[in-house]
Every structure is written in C-alpha cells, then in structure tokens.
Amino acid sequence: MEVIKLQNIKKSFNENIVLKDINLTVNKSEVVVIMGPSGSGKSTLLRCVTFLEEPDGGIIKLGEQEVTAGSQMNKQRKNDIRKLRQNTGFVFQQFNLFPHKTALENVMEGPMIIKKIAREKAKQKAITLLKKVGLADRMDHYPAQLSGGQQQRVAIARALSMEPMVMLYDEPTSALDPELVREVLQVMKELAKEGMTMIVVTHEMAFAKDAADRVIFMDDGLIIEEGSSYEIFNNPKEDRTKRFLQDVSEEIVLE
C-alpha cells in the first residue's frame, strides 16, 4: 500500500533548476534512503514533501491527502497542507528543540497544542517515547544539558509524538560528533524494524546498507538510479552512481 506518491515534482531557485520532474512512490513500512552529492536536490525534495519548500509544479499525495503544487493558495489548500504536515514527522540536521523546555516538555508540546490532547495523556505518551529512544533518565533535562545525540533523539521522539504516517530525516547525523552518530542510527534502525515508513537523506552508507529497503541515488535534480541496497552497493548500473560510491568509499578510508 502506497503511503507517499510524488508526481512530476519541479523546483527552481531563480535560474537554478533543483528538481526536474521527480516521481517517487513509497509504500507502507518501506525504508527509502536518498543519497547523492551536495547540491543534488535531496534535501529540497524532502522539504517539498511537506511544502516547507513550495514546489513549482507536481502533485504530492500522502495517504488520502493530495496537494497540487503551484495552485492558488486558499483556505482549503492551506488546510490540506496543514493535514499533510500533521501526518509527517520531520527530523532535521539541527535539533530545533525549545531551549527553555525540558526533553519531556518538548515531546509533549505538539500533541497538546496541535492535536489538543489532554496534558496528562500527552505526558504519559511523551514518557513512553523518551524511554523508546533511550532517554528515560534525561526527561527533565533541558537541551543545553544534553549531548547532540541525545538532543537528536528527543527530536525523533517529538516527531513520533504526532503519530505520523511517515518519518522524514534530513541528514539527521551530520551535525553530530562521530561517536554520537551510532546512538541516533540505532534508534532509526529500531523504528525501521517496527515498520515505520521512512525516507532518509543521509551520507551514512552503513545505515543505507543495513536498514534500507530501497536506495535512491540523485544528482543534478534527477533520480539517476534506484534499487535495493544490495543492487545499488554491489551492482550499480549507472556510471555516475559508481563514481559517487567510489568517492564515498575513498573518503571513509581517508578518515
């Protein structure tokens, strides 16, 4: 069953064409990793899914919710975009936590404000989610008292608190020190095993190999190649994909 369907998504910034007629379908419980060089359009594509960036053209469908890009903004369309966002959990490079709220309060905020869930119910749900991401002993800590990895795990719990149909991750480990990357990836792997639908933009090749049902390689605003993680990493068909994987493997060796 398809959860997300993107049809002919286009996006330009002035004269720079960033996305060129992107078509992508993601099924329920599928983990899709998008990789590619900087400037290939990966992050812009994720942001277009939730209209954080307004696509210039195309159709975005999430479950039964469908929004056409480029159409006139009116009350109905605003409502459609709001519903689309409510069904999507987004985890960014930066954690974007409220600095004056504890980890627990950060996770409670969305359900209380947006879904109008009672405070005690939101609290119990937040406690469950923070335990899930391994932060049972950090609930009352403020962001400044947490490591980067812990803050990102709070951000994941916060996104999960809205019970999204799909989780979107935009380079969730890129702002972390290397020793903190593993704890975040482990949480993401556990969510994948539980059947959470996920689209992940990342340079973490080990995660892509281990957790992805499908890997997409983008370059210059196009999907160049896609396939299972085994196909992409062991038998890529496109020269551009081969060069990228070679470059990445050389970077890992140098590190």
# chains A, B, ... in the order shown; residues from 1 in each chain; ligands from 1
$ residues_around --residues "segment 58-67 of chain A" --least-positions-apart "3" --cutoff "12 Å" --atoms "only C-alpha atoms" --output "VMD selection string"
chain A and resid 1 to 11 19 to 28 45 to 51 54 to 55 70 to 73 76 to 88 164 to 167 197
$ select_by_dssp --residues "segment 13-136 of chain A" --states "strand (DSSP E)" --output "number ranges by chain"
A: 13, 16-27, 31-35, 57-62, 65-68, 88-91
$ write_last_selection --atoms "C-alpha atoms" --output "PDB file, in the first residue's frame"
ATOM      1  CA  PHE A  13      15.514  28.833  -7.197  1.00  0.00           C
ATOM      2  CA  ASN A  16      18.854  27.207 -10.757  1.00  0.00           C
ATOM      3  CA  ILE A  17      16.694  24.145 -11.503  1.00  0.00           C
ATOM      4  CA  VAL A  18      16.928  21.991  -8.379  1.00  0.00           C
ATOM      5  CA  LEU A  19      14.316  19.282  -9.046  1.00  0.00           C
ATOM      6  CA  LYS A  20      13.435  18.071 -12.533  1.00  0.00           C
ATOM      7  CA  ASP A  21      10.169  16.131 -12.751  1.00  0.00           C
ATOM      8  CA  ILE A  22      10.770  13.825  -9.796  1.00  0.00           C
ATOM      9  CA  ASN A  23       8.474  10.796  -9.490  1.00  0.00           C
ATOM     10  CA  LEU A  24       8.635   8.651  -6.373  1.00  0.00           C
ATOM     11  CA  THR A  25       6.337   6.216  -4.586  1.00  0.00           C
ATOM     12  CA  VAL A  26       6.986   4.938  -1.065  1.00  0.00           C
ATOM     13  CA  ASN A  27       4.988   2.031   0.335  1.00  0.00           C
ATOM     14  CA  VAL A  31      12.610   2.482   4.353  1.00  0.00           C
ATOM     15  CA  VAL A  32      13.929   4.556   1.453  1.00  0.00           C
ATOM     16  CA  VAL A  33      17.385   6.124   1.631  1.00  0.00           C
ATOM     17  CA  ILE A  34      18.189   9.003  -0.713  1.00  0.00           C
ATOM     18  CA  MET A  35      21.860   9.649  -1.315  1.00  0.00           C
ATOM     19  CA  GLY A  57       4.772  22.000 -10.094  1.00  0.00           C
ATOM     20  CA  GLY A  58       3.614  18.460  -9.469  1.00  0.00           C
ATOM     21  CA  ILE A  59       1.349  16.548  -7.114  1.00  0.00           C
ATOM     22  CA  ILE A  60       2.106  15.282  -3.610  1.00  0.00           C
ATOM     23  CA  LYS A  61      -0.085  12.572  -2.144  1.00  0.00           C
ATOM     24  CA  LEU A  62       0.201  11.349   1.438  1.00  0.00           C
ATOM     25  CA  GLN A  65      -4.387  13.709   1.271  1.00  0.00           C
ATOM     26  CA  GLU A  66      -3.434  15.183  -2.103  1.00  0.00           C
ATOM     27  CA  VAL A  67      -1.999  18.645  -2.774  1.00  0.00           C
ATOM     28  CA  THR A  68      -1.225  20.100  -6.192  1.00  0.00           C
ATOM     29  CA  THR A  88       4.567  13.713   8.578  1.00  0.00           C
ATOM     30  CA  GLY A  89       7.355  13.599  11.146  1.00  0.00           C
ATOM     31  CA  PHE A  90      10.387  15.652  10.101  1.00  0.00           C
ATOM     32  CA  VAL A  91      13.817  15.364  11.730  1.00  0.00           C
TER      33      VAL A  91
END
$ closest_residue --among "A:Leu97, A:Ile114, A:Leu130, A:Met162" --to "Ala144 of chain A" --atoms "only C-alpha atoms"
A:Leu97
$ residues_around --residues "Val184 of chain A" --least-positions-apart "4" --cutoff "10 Å" --atoms "only C-alpha atoms" --output "list of chain:residue names"
A:Val133, A:Gly134, A:Gly148, A:Gly149, A:Gln150, A:Gln151, A:Gln152, A:Arg153, A:Ile156, A:Pro172, A:Thr173, A:Leu176, A:Leu180, A:Met188, A:Lys189
$ write_last_selection --atoms "C-alpha atoms" --output "compact mmCIF listing (two decimals), in the first residue's frame"
# COMPACT_ATOMS: atom_id res chain seq x y z
CA VAL A 133 14.68 6.36 22.31
CA GLY A 134 16.76 5.53 25.39
CA GLY A 148 23.95 16.38 20.42
CA GLY A 149 22.98 12.73 20.05
CA GLN A 150 20.57 12.98 22.96
CA GLN A 151 19.02 16.16 21.55
CA GLN A 152 18.50 14.46 18.19
CA ARG A 153 16.83 11.51 19.92
CA ILE A 156 12.87 11.95 16.94
CA PRO A 172 19.97 13.59 10.95
CA THR A 173 23.55 12.78 11.99
CA LEU A 176 26.88 15.21 15.41
CA LEU A 180 27.34 10.16 18.85
CA MET A 188 16.25 4.82 13.50
CA LYS A 189 17.02 1.14 12.82
$ closest_residue --among "A:Ser161, A:Ser147, A:Asn96, A:Asn235" --to "Met108 of chain A" --atoms "only C-alpha atoms"
A:Ser161
$ select_by_dssp --residues "segment 48-125 of chain A" --states "alpha helix (DSSP H)" --output "number ranges by chain"
A: 48-49, 75-86, 103-113, 119-125
$ decode --residues "segment 101-145 of chain A" --atoms "C-alpha atoms" --output "PDB file, in the first residue's frame"
ATOM      1  CA  LYS A 101      11.597  23.424  27.854  1.00  0.00           C
ATOM      2  CA  THR A 102      12.745  20.053  29.191  1.00  0.00           C
ATOM      3  CA  ALA A 103      13.025  16.993  26.965  1.00  0.00           C
ATOM      4  CA  LEU A 104       9.656  15.831  28.289  1.00  0.00           C
ATOM      5  CA  GLU A 105       8.000  19.192  27.637  1.00  0.00           C
ATOM      6  CA  ASN A 106       9.457  19.339  24.120  1.00  0.00           C
ATOM      7  CA  VAL A 107       7.832  15.997  23.275  1.00  0.00           C
ATOM      8  CA  MET A 108       4.511  16.931  24.920  1.00  0.00           C
ATOM      9  CA  GLU A 109       4.170  20.252  23.109  1.00  0.00           C
ATOM     10  CA  GLY A 110       2.939  19.119  19.668  1.00  0.00           C
ATOM     11  CA  PRO A 111       0.149  16.771  20.769  1.00  0.00           C
ATOM     12  CA  MET A 112      -1.131  19.321  23.296  1.00  0.00           C
ATOM     13  CA  ILE A 113      -1.055  22.376  21.018  1.00  0.00           C
ATOM     14  CA  ILE A 114      -1.886  20.876  17.627  1.00  0.00           C
ATOM     15  CA  LYS A 115      -3.927  17.789  18.495  1.00  0.00           C
ATOM     16  CA  LYS A 116      -5.463  19.272  21.673  1.00  0.00           C
ATOM     17  CA  ILE A 117      -4.559  16.175  23.690  1.00  0.00           C
ATOM     18  CA  ALA A 118      -5.013  16.495  27.457  1.00  0.00           C
ATOM     19  CA  ARG A 119      -1.828  17.320  29.345  1.00  0.00           C
ATOM     20  CA  GLU A 120      -1.656  14.098  31.389  1.00  0.00           C
ATOM     21  CA  LYS A 121      -2.251  11.921  28.336  1.00  0.00           C
ATOM     22  CA  ALA A 122       0.399  13.846  26.385  1.00  0.00           C
ATOM     23  CA  LYS A 123       2.799  13.440  29.308  1.00  0.00           C
ATOM     24  CA  GLN A 124       2.353   9.664  29.509  1.00  0.00           C
ATOM     25  CA  LYS A 125       2.809   9.365  25.761  1.00  0.00           C
ATOM     26  CA  ALA A 126       5.965  11.516  25.888  1.00  0.00           C
ATOM     27  CA  ILE A 127       7.408   9.390  28.710  1.00  0.00           C
ATOM     28  CA  THR A 128       6.823   6.237  26.652  1.00  0.00           C
ATOM     29  CA  LEU A 129       8.515   7.746  23.600  1.00  0.00           C
ATOM     30  CA  LEU A 130      11.530   9.051  25.523  1.00  0.00           C
ATOM     31  CA  LYS A 131      12.001   5.590  27.021  1.00  0.00           C
ATOM     32  CA  LYS A 132      11.773   4.194  23.500  1.00  0.00           C
ATOM     33  CA  VAL A 133      14.676   6.361  22.314  1.00  0.00           C
ATOM     34  CA  GLY A 134      16.755   5.526  25.391  1.00  0.00           C
ATOM     35  CA  LEU A 135      16.286   8.740  27.356  1.00  0.00           C
ATOM     36  CA  ALA A 136      14.355   7.568  30.405  1.00  0.00           C
ATOM     37  CA  ASP A 137      16.966   9.226  32.639  1.00  0.00           C
ATOM     38  CA  ARG A 138      17.053  12.523  30.737  1.00  0.00           C
ATOM     39  CA  MET A 139      13.397  13.548  30.668  1.00  0.00           C
ATOM     40  CA  ASP A 140      13.803  16.518  32.986  1.00  0.00           C
ATOM     41  CA  HIS A 141      16.966  17.805  31.320  1.00  0.00           C
ATOM     42  CA  TYR A 142      16.991  20.933  29.174  1.00  0.00           C
ATOM     43  CA  PRO A 143      18.552  20.817  25.684  1.00  0.00           C
ATOM     44  CA  ALA A 144      21.703  22.597  26.879  1.00  0.00           C
ATOM     45  CA  GLN A 145      22.233  19.760  29.370  1.00  0.00           C
TER      46      GLN A 145
END
